[in-house]
Amino acid sequence: TPTDALERCRRGDIMLPPPTWTTLRQLERHFTLRELLAWARVKRVVRVQPDFVNSDKGSVLTLPGDPSYPTIDGWDVPEETRFVLQEGRGWLPTRS
């Protein structure tokens with residue numbers, strides 16, 4: 001399930017790039033296939049380009065809706081808008 005994949009990433013068992021992480025977070029809100037398909041039929045696809053910043057944490061990827069990056073019309077701001085690159089673990093969500 002999406003939740004299982006996210007948990008495996010948090011434990012370090014697998015790596016998920018930020019677009020996959022964000023998509024799985026959207027998918028885990030839906031408890032049935034019917035509910036998911038109904039959402040997908042009306043969901044507008046928005047082109048999203050991440051931004052990169054350097055911070056004391058290292059390389060940070062931000063998504064629209066992050067305090068450092070204005071949102072985009074039609075984009076549902078995810079819970080995680082900031083990801084830090086960790087050696088051997090890939091991009092992991094972090095708080096801004």
# chains A, B, ... in the order shown; residues from 1 in each chain; ligands from 1

$ select_by_dssp --residues "chain A" --states "alpha helix (DSSP H)" --output "PyMOL selection string"
chain A and resi 2-11+18-27+33-42

$ closest_residue --among "A:Gly12, A:Gly58, A:Pro2, A:Gly65" --to "Leu85 in chain A" --atoms "only C-alpha atoms"
A:Gly58

$ residues_around --residues "Pro18 in chain A" --least-positions-apart "6" --cutoff "12 Å" --atoms "only C-alpha atoms" --output "list in words"
Leu6, Cys9, Leu24, Arg25, Val48, Gln49, Pro50, Asp51, Val60, Leu61, Thr62, Leu63, Pro78, Glu80, Thr81, Arg82, Phe83, Val84, Leu85, Gly90, Trp91, Leu92, Pro93 and Thr94 of chain A

$ write_last_selection --atoms "C-alpha atoms" --output "compact mmCIF listing (two decimals), in the first residue's frame"
# COMPACT_ATOMS: atom_id res chain seq x y z
CA LEU A 6 6.24 5.41 2.85
CA CYS A 9 11.26 4.63 3.12
CA LEU A 24 1.99 8.16 -2.44
CA ARG A 25 0.95 10.69 0.22
CA VAL A 48 5.42 21.07 -10.72
CA GLN A 49 9.07 22.03 -10.78
CA PRO A 50 11.00 21.62 -7.55
CA ASP A 51 13.39 24.28 -6.35
CA VAL A 60 17.24 20.82 0.13
CA LEU A 61 14.53 20.28 -2.47
CA THR A 62 11.38 22.36 -2.03
CA LEU A 63 7.96 22.09 -3.63
CA PRO A 78 1.32 18.32 0.25
CA GLU A 80 5.81 17.68 3.07
CA THR A 81 7.13 20.49 0.89
CA ARG A 82 10.79 20.14 1.83
CA PHE A 83 13.18 17.20 1.32
CA VAL A 84 16.79 16.94 2.41
CA LEU A 85 19.33 14.74 0.65
CA GLY A 90 18.19 9.61 -0.72
CA TRP A 91 15.68 12.46 -0.34
CA LEU A 92 13.76 12.41 2.95
CA PRO A 93 11.05 14.81 4.06
CA THR A 94 11.98 17.38 6.66

$ closest_residue --among "A:Asp73, A:Asp13, A:Glu79, A:Asp56" --to "Arg44 in chain A" --atoms "only C-alpha atoms"
A:Asp73

$ select_by_dssp --residues "chain A" --states "strand (DSSP E or B)" --output "PyMOL selection string"
chain A and resi 51-55+58-62+82-86+90-93

$ residues_around --residues "Ile72 in chain A" --least-positions-apart "3" --cutoff "9 Å" --atoms "only C-alpha atoms" --output "list of chain:residue names"
A:Val46, A:Arg47, A:Val48, A:Pro64, A:Gly65, A:Trp75, A:Asp76, A:Val77

$ write_last_selection --atoms "N, CA and C atoms" --output "PDB file, in the first residue's frame"
ATOM      1  N   VAL A  46      -1.083  19.080 -12.638  1.00  0.00           N
ATOM      2  CA  VAL A  46      -0.365  20.347 -12.653  1.00  0.00           C
ATOM      3  C   VAL A  46       1.125  20.066 -12.780  1.00  0.00           C
ATOM      4  N   ARG A  47       1.782  20.798 -13.658  1.00  0.00           N
ATOM      5  CA  ARG A  47       3.236  20.632 -13.789  1.00  0.00           C
ATOM      6  C   ARG A  47       3.908  21.320 -12.605  1.00  0.00           C
ATOM      7  N   VAL A  48       4.739  20.564 -11.918  1.00  0.00           N
ATOM      8  CA  VAL A  48       5.420  21.067 -10.724  1.00  0.00           C
ATOM      9  C   VAL A  48       6.919  20.957 -10.945  1.00  0.00           C
ATOM     10  N   PRO A  64       6.275  23.653  -4.435  1.00  0.00           N
ATOM     11  CA  PRO A  64       5.363  24.781  -4.267  1.00  0.00           C
ATOM     12  C   PRO A  64       4.518  24.619  -3.004  1.00  0.00           C
ATOM     13  N   GLY A  65       4.381  25.720  -2.274  1.00  0.00           N
ATOM     14  CA  GLY A  65       3.663  25.695  -1.012  1.00  0.00           C
ATOM     15  C   GLY A  65       4.602  25.747   0.176  1.00  0.00           C
ATOM     16  N   TRP A  75      -2.522  23.278  -7.554  1.00  0.00           N
ATOM     17  CA  TRP A  75      -1.634  22.347  -6.861  1.00  0.00           C
ATOM     18  C   TRP A  75      -2.122  22.171  -5.433  1.00  0.00           C
ATOM     19  N   ASP A  76      -2.397  20.940  -5.071  1.00  0.00           N
ATOM     20  CA  ASP A  76      -2.759  20.625  -3.689  1.00  0.00           C
ATOM     21  C   ASP A  76      -1.468  20.538  -2.898  1.00  0.00           C
ATOM     22  N   VAL A  77      -1.223  21.504  -2.050  1.00  0.00           N
ATOM     23  CA  VAL A  77       0.030  21.545  -1.296  1.00  0.00           C
ATOM     24  C   VAL A  77       0.114  20.314  -0.401  1.00  0.00           C
TER      25      VAL A  77
END

$ closest_residue --among "A:Leu37, A:Tyr69, A:Met15, A:Trp21" --to "Glu87 in chain A" --atoms "only C-alpha atoms"
A:Met15

$ atom_distance --atom1 "CA of Thr3 in chain A" --atom2 "CA of Gln26 in chain A"
10.2 Å

$ atom_distance --atom1 "CA of Arg95 in chain A" --atom2 "CA of Arg29 in chain A"
20.5 Å

$ atom_distance --atom1 "CA of Ser68 in chain A" --atom2 "CA of Gln86 in chain A"
20.4 Å
